[in-house]
Amino acid sequence: MSRSNSLWLHQFWLFARFEITRLTQTPRGWFALAAFVVVWYFLLRYPIYEAAVQLQQLQVQAMLTQLLGAVGLEQLLRWPLPELSVYWLLCLAVLPLAVLFSAADQTCSDRSRGTLRLLTLRASREVIFLGRFAGQLLTQLLFIAVSLVATLSLACWRLEGLPPLAVLNSVSLIIINLLIVLLPITALMALCSALAKSSRLAISLAVVLLGAVAGGLGYLVWQFPALEPVLDYLPLAQLPEVLNANDWSMLQHAWLPLLQTVVLLLAGLVVMRRRAL
Amino acid sequence: MKTLIEATDLSYAYGAQRVLQQVSFTVEAGEPVALIGPNGAGKTTLFSLICGYLPLQSGQLQVLGEQAGSSALAGRLGALPQDALFDPAFSLQSQLSFYGRLQGLSKVAAQQEAERVLSLVGLAQHSQQLPTSLSHGMRKRLSIAQALLGSPELVLLDEPTAGLDPVNAMQIRQLIANLSGQATFLISSHNIFELERLCGTVLYLEKGVLVRQGALTQQAAQQAGCSYLTVVLESAVPADVSQWFSQLPGVTEVQQVQKHEYQLAYNPDIAADVDLQLLQLLAGKGWRYRQLSKGLSLEQQLFSDKTRRA
């Protein structure tokens, strides 16, 4: 490996790891961690724990199976632990929105403050952009892992023992697939952060972009019904299929978010290269 | 001599407003280079192009043998950009160490380098503070410290002493003078006296056009076969002092440029030792002087024609 390539990788890792440092060593990071703990305490204590208890009752299970089967989500109840069913549902519903906010400030503050001028004297714009993106994924991985451990601890406390292999398989499945779901949202925020001057503007821009794309395509489909399959390419369009899966077959839907991520990152790189600092 | 910057027909416009027009120059390794020009002359735009903050629109710009903005310049080019602030959430030491690591230094070496540059600008005792707790002058010194990190070959300083108190400004000038053997500095400033002391070459921009480029000493010594002496006298001198000066052999013109400051133009082919004769005249008449300098000051070189025209 040439020296420039190894320096690029070194810088990429430094930028990615710095996001964890930002989370653990700054007041802003501490507030984020505190908010995470509070939110997850309430999620675990009430929706997850209560739902898990209810789901143990056969009558409730039968009713929910019928109900969820009617909307095509019958697989949701077939996770090895009821806690994981509720966790999976909550994460898919909440995390994309949470990432829209948490990943908004990837480069915009540094640009408006002028810090990017100091950074670009030492690293290329590309490595800054991609390193920050990877750092956001690392942060998300950390949050997902910690919340999963807390959920499993709750299940351990409720039950005598857990089926270790099945749980390990489910945990790996959840971590990988949640990250895949969050990839295009994180990439979208990387792009918006490269375009906007503040994280607030980046969030607004993302909401407007998502709304405009969904609205525009919706209008097109209304005018030309033959275009309806186009809606399947929208961000998070794979969520219903992913929600109703609890095995590795859900990876067959991964190509769409991965493709969206690549496209959004390429667009972000073009913006990063062309913008004046 | 190694060429550090080579600009050819560089032009830049913000929309319809042309800020740089066909600017061509070279900067060689060696003495500090002054970049001078009035407000809006295009100095900061030129700086931004050299640092890669702005994309090239037209022309060629090679910095240290690389295309401006190339990632190959990482660590070789240091800069003090205008209005660039540090991340307010991290200490000076941690940010400079991080920058050092980005430049390829090991963790320990980056920490040592951060301590070194903070010591250079007198901020070693503030290394654990946040940038927000620093005064304006201290922040400026911190920005200079980051520009010197890792011993770059070329250092660009945009208004390095603006906003600093006289003591700190003097320390920064001394620092630049001391380091000028290790790196070549390109300094943009409105403080012409500062640039005159520090720099060996000047680039003068006006309305986006490079109107003058050359060595300061050569320009100051000789201008079209005419040499100059500038003398600043103490206050108690007679009113006809100009007449006495004009009677010295070889002196062709005497001009009172300020209240007690006189500029003597002379022909060095007729009298090469006018300075000695002037000193003898002053001693003979008992007139005390504060300063005697050969050649024109940078200010006079750049602006005297304009002043005369006005």
# chains A, B, ... in the order shown; residues from 1 in each chain; ligands from 1
$ residues_around --residues "range 201-214 of chain A" --least-positions-apart "4" --cutoff "8 Å" --atoms "only C-alpha atoms" --output "compact mmCIF listing (two decimals) with N, CA and C atoms, in the first residue's frame"
# COMPACT_ATOMS: atom_id res chain seq x y z
N LEU A 100 -32.02 11.54 11.44
CA LEU A 100 -32.23 12.78 10.69
C LEU A 100 -31.72 13.98 11.51
N PHE A 101 -31.91 13.90 12.83
CA PHE A 101 -31.47 14.99 13.70
C PHE A 101 -30.02 14.80 14.15
N ALA A 104 -27.15 15.47 11.52
CA ALA A 104 -27.32 16.67 10.69
C ALA A 104 -26.05 17.52 10.63
N ASP A 105 -25.23 17.44 11.67
CA ASP A 105 -24.08 18.34 11.73
C ASP A 105 -22.79 17.59 11.42
N CYS A 108 -21.39 20.98 8.47
CA CYS A 108 -21.88 22.36 8.31
C CYS A 108 -21.33 23.32 9.36
N LEU A 188 -27.90 10.91 3.40
CA LEU A 188 -28.70 12.09 3.03
C LEU A 188 -28.31 13.27 3.91
N MET A 189 -28.10 13.00 5.22
CA MET A 189 -27.73 14.09 6.11
C MET A 189 -26.29 14.56 5.83
N CYS A 192 -26.86 16.89 2.94
CA CYS A 192 -27.51 18.14 3.37
C CYS A 192 -26.56 18.98 4.22
N SER A 193 -25.73 18.31 5.02
CA SER A 193 -24.77 19.03 5.85
C SER A 193 -23.71 19.71 4.98
N LEU A 195 -24.36 20.90 2.10
CA LEU A 195 -25.04 21.99 1.40
C LEU A 195 -25.40 23.15 2.32
N ALA A 196 -25.73 22.83 3.59
CA ALA A 196 -26.30 23.84 4.49
C ALA A 196 -25.24 24.51 5.35
N LYS A 197 -25.65 25.64 5.98
CA LYS A 197 -24.71 26.37 6.82
C LYS A 197 -24.86 26.01 8.30
N GLY A 218 -45.25 11.05 -6.14
CA GLY A 218 -46.67 10.74 -5.90
C GLY A 218 -47.55 11.39 -6.97
N LEU A 231 -42.14 4.31 -6.93
CA LEU A 231 -42.27 4.58 -5.50
C LEU A 231 -41.47 3.58 -4.66
N LEU A 234 -38.00 4.89 -3.30
CA LEU A 234 -37.88 5.99 -2.34
C LEU A 234 -37.09 5.53 -1.11
$ residues_around --residues "Leu179 in chain A" --least-positions-apart "3" --cutoff "12 Å" --atoms "only C-alpha atoms" --output "ChimeraX atom specification"
/A:91-92,95-96,99,134,136-145,172-176,182-187,251,254,257-258,261
$ closest_residue --among "B:Ala147, B:Leu20, B:Leu46, B:Leu120" --to "chain A" --atoms "only C-alpha atoms"
B:Ala147
$ interface_residues --of "chain A" --to "chain B" --cutoff "12 Å" --atoms "only C-alpha atoms" --output "PyMOL selection string"
chain A and resi 3-15+17-18+21-30+107+109-128+131+272-277
$ select_by_dssp --residues "range 10-215 of chain B" --states "strand (DSSP E)" --output "MDAnalysis selection string"
chainID B and resid 10:14 17:28 33:36 58:63 66:67 77:80 154:158 184:188 201:206 209:215
$ closest_residue --among "B:Val274, B:Ala265, B:Leu248, B:Leu229" --to "Ser293 in chain B" --atoms "only C-alpha atoms"
B:Leu229
$ closest_residue --among "A:Leu73, A:Val221, A:Ala267, A:Leu152" --to "Leu239 in chain A" --atoms "only C-alpha atoms"
A:Leu73
$ select_by_dssp --residues "range 48-130 of chain B" --states "alpha helix (DSSP H)" --output "number ranges by chain"
B: 48-51, 92-102, 107-120
$ atom_distance --atom1 "CA of Ala52 in chain A" --atom2 "CA of Leu90 in chain A"
13.1 Å
$ residues_around --residues "range 40-45 of chain A" --least-positions-apart "3" --cutoff "9 Å" --atoms "only C-alpha atoms" --output "list in words"
Ala35, Phe36, Val37, Ile48, Tyr49, Glu50, Glu83, Tyr87, Leu90, Ser147, Ala150, Thr151 and Leu154 of chain A
$ write_last_selection --atoms "all heavy atoms" --output "JSON list (two decimals), in the first residue's frame"
[["chain", "number", "residue", "atom", "x", "y", "z"],
["A", 35, "ALA", "N", -29.77, 11.97, 27.10],
["A", 35, "ALA", "CA", -31.08, 11.87, 26.45],
["A", 35, "ALA", "C", -31.33, 10.43, 26.00],
["A", 35, "ALA", "O", -32.45, 9.89, 26.16],
["A", 35, "ALA", "CB", -31.13, 12.81, 25.24],
["A", 36, "PHE", "N", -30.28, 9.80, 25.48],
["A", 36, "PHE", "CA", -30.40, 8.40, 25.04],
["A", 36, "PHE", "C", -30.79, 7.49, 26.21],
["A", 36, "PHE", "O", -31.69, 6.66, 26.09],
["A", 36, "PHE", "CB", -29.04, 7.98, 24.45],
["A", 36, "PHE", "CG", -28.91, 6.52, 24.15],
["A", 36, "PHE", "CD1", -29.46, 5.98, 23.00],
["A", 36, "PHE", "CD2", -28.23, 5.68, 25.02],
["A", 36, "PHE", "CE1", -29.33, 4.63, 22.72],
["A", 36, "PHE", "CE2", -28.10, 4.33, 24.75],
["A", 36, "PHE", "CZ", -28.65, 3.80, 23.60],
["A", 37, "VAL", "N", -30.12, 7.69, 27.35],
["A", 37, "VAL", "CA", -30.39, 6.85, 28.52],
["A", 37, "VAL", "C", -31.83, 7.04, 28.99],
["A", 37, "VAL", "O", -32.56, 6.08, 29.25],
["A", 37, "VAL", "CB", -29.39, 7.18, 29.66],
["A", 37, "VAL", "CG1", -29.82, 6.52, 30.97],
["A", 37, "VAL", "CG2", -28.00, 6.71, 29.27],
["A", 48, "ILE", "N", -41.53, -1.86, 25.87],
["A", 48, "ILE", "CA", -40.88, -3.15, 25.62],
["A", 48, "ILE", "C", -41.23, -4.15, 26.73],
["A", 48, "ILE", "O", -41.68, -5.27, 26.46],
["A", 48, "ILE", "CB", -39.35, -2.96, 25.49],
["A", 48, "ILE", "CG1", -39.05, -2.14, 24.23],
["A", 48, "ILE", "CG2", -38.63, -4.30, 25.44],
["A", 48, "ILE", "CD1", -37.60, -1.85, 23.97],
["A", 49, "TYR", "N", -41.08, -3.73, 27.98],
["A", 49, "TYR", "CA", -41.33, -4.67, 29.08],
["A", 49, "TYR", "C", -42.81, -5.07, 29.12],
["A", 49, "TYR", "O", -43.16, -6.25, 29.19],
["A", 49, "TYR", "CB", -40.90, -4.04, 30.41],
["A", 49, "TYR", "CG", -41.21, -4.93, 31.59],
["A", 49, "TYR", "CD1", -40.43, -6.07, 31.85],
["A", 49, "TYR", "CD2", -42.29, -4.65, 32.44],
["A", 49, "TYR", "CE1", -40.71, -6.89, 32.92],
["A", 49, "TYR", "CE2", -42.57, -5.49, 33.51],
["A", 49, "TYR", "CZ", -41.78, -6.60, 33.75],
["A", 49, "TYR", "OH", -42.09, -7.43, 34.80],
["A", 50, "GLU", "N", -43.68, -4.08, 29.07],
["A", 50, "GLU", "CA", -45.12, -4.36, 29.17],
["A", 50, "GLU", "C", -45.59, -5.21, 28.00],
["A", 50, "GLU", "O", -46.36, -6.16, 28.16],
["A", 50, "GLU", "CB", -45.92, -3.05, 29.21],
["A", 50, "GLU", "CG", -45.67, -2.20, 30.45],
["A", 50, "GLU", "CD", -46.08, -2.90, 31.76],
["A", 50, "GLU", "OE1", -46.90, -3.85, 31.70],
["A", 50, "GLU", "OE2", -45.55, -2.54, 32.82],
["A", 83, "GLU", "N", -39.31, -9.31, 23.57],
["A", 83, "GLU", "CA", -38.64, -8.01, 23.70],
["A", 83, "GLU", "C", -38.02, -7.59, 22.37],
["A", 83, "GLU", "O", -38.04, -6.41, 22.00],
["A", 83, "GLU", "CB", -37.52, -8.09, 24.77],
["A", 83, "GLU", "CG", -37.99, -8.02, 26.19],
["A", 83, "GLU", "CD", -38.40, -9.39, 26.73],
["A", 83, "GLU", "OE1", -38.41, -10.36, 25.94],
["A", 83, "GLU", "OE2", -38.71, -9.48, 27.92],
["A", 87, "TYR", "N", -38.59, -4.30, 20.22],
["A", 87, "TYR", "CA", -37.37, -3.51, 19.96],
["A", 87, "TYR", "C", -37.24, -3.25, 18.46],
["A", 87, "TYR", "O", -36.98, -2.12, 18.02],
["A", 87, "TYR", "CB", -36.15, -4.28, 20.47],
["A", 87, "TYR", "CG", -34.83, -3.57, 20.20],
["A", 87, "TYR", "CD1", -34.33, -2.64, 21.10],
["A", 87, "TYR", "CD2", -34.10, -3.84, 19.04],
["A", 87, "TYR", "CE1", -33.12, -2.00, 20.84],
["A", 87, "TYR", "CE2", -32.90, -3.19, 18.77],
["A", 87, "TYR", "CZ", -32.41, -2.28, 19.68],
["A", 87, "TYR", "OH", -31.23, -1.62, 19.41],
["A", 90, "LEU", "N", -39.87, -0.77, 17.30],
["A", 90, "LEU", "CA", -39.58, 0.60, 17.78],
["A", 90, "LEU", "C", -38.40, 1.21, 17.02],
["A", 90, "LEU", "O", -38.45, 2.38, 16.62],
["A", 90, "LEU", "CB", -39.23, 0.56, 19.27],
["A", 90, "LEU", "CG", -40.42, 0.59, 20.24],
["A", 90, "LEU", "CD1", -39.92, 0.42, 21.67],
["A", 90, "LEU", "CD2", -41.19, 1.89, 20.11],
["A", 147, "SER", "N", -28.30, -0.27, 23.41],
["A", 147, "SER", "CA", -29.74, -0.45, 23.63],
["A", 147, "SER", "C", -30.14, -1.92, 23.51],
["A", 147, "SER", "O", -31.03, -2.40, 24.22],
["A", 147, "SER", "CB", -30.55, 0.43, 22.66],
["A", 147, "SER", "OG", -30.24, 0.07, 21.33],
["A", 150, "ALA", "N", -29.19, -3.60, 26.70],
["A", 150, "ALA", "CA", -30.18, -3.26, 27.74],
["A", 150, "ALA", "C", -31.47, -4.07, 27.55],
["A", 150, "ALA", "O", -32.07, -4.56, 28.52],
["A", 150, "ALA", "CB", -30.47, -1.77, 27.69],
["A", 151, "THR", "N", -31.89, -4.23, 26.30],
["A", 151, "THR", "CA", -33.11, -5.00, 26.02],
["A", 151, "THR", "C", -32.93, -6.47, 26.42],
["A", 151, "THR", "O", -33.83, -7.08, 27.03],
["A", 151, "THR", "CB", -33.45, -4.90, 24.52],
["A", 151, "THR", "OG1", -33.51, -3.52, 24.16],
["A", 151, "THR", "CG2", -34.77, -5.56, 24.20],
["A", 154, "LEU", "N", -33.03, -6.89, 30.09],
["A", 154, "LEU", "CA", -34.43, -6.89, 30.56],
["A", 154, "LEU", "C", -35.06, -8.27, 30.38],
["A", 154, "LEU", "O", -35.76, -8.77, 31.27],
["A", 154, "LEU", "CB", -35.21, -5.84, 29.76],
["A", 154, "LEU", "CG", -36.63, -5.55, 30.21],
["A", 154, "LEU", "CD1", -36.63, -4.74, 31.48],
["A", 154, "LEU", "CD2", -37.39, -4.80, 29.11]]
$ residues_around --residues "range 125-133 of chain B" --least-positions-apart "3" --cutoff "12 Å" --atoms "only C-alpha atoms" --output "VMD selection string"
(chain A and resid 26) or (chain B and resid 84 to 97 111 to 112 114 to 122 136 to 143 145)
$ atom_distance --atom1 "CA of Asn244 in chain A" --atom2 "CA of Gly72 in chain A"
7.1 Å
$ closest_residue --among "B:Ile187, B:Leu149, B:Ile144, B:Val211" --to "Phe303 in chain B" --atoms "only C-alpha atoms"
B:Val211
$ atom_distance --atom1 "CA of Leu265 in chain A" --atom2 "CA of Ala237 in chain A"
18.7 Å
$ residues_around --residues "Leu278 in chain B" --least-positions-apart "6" --cutoff "10 Å" --atoms "only C-alpha atoms" --output "PyMOL selection string"
chain B and resi 229+231+244-245+248-249+264+284+292
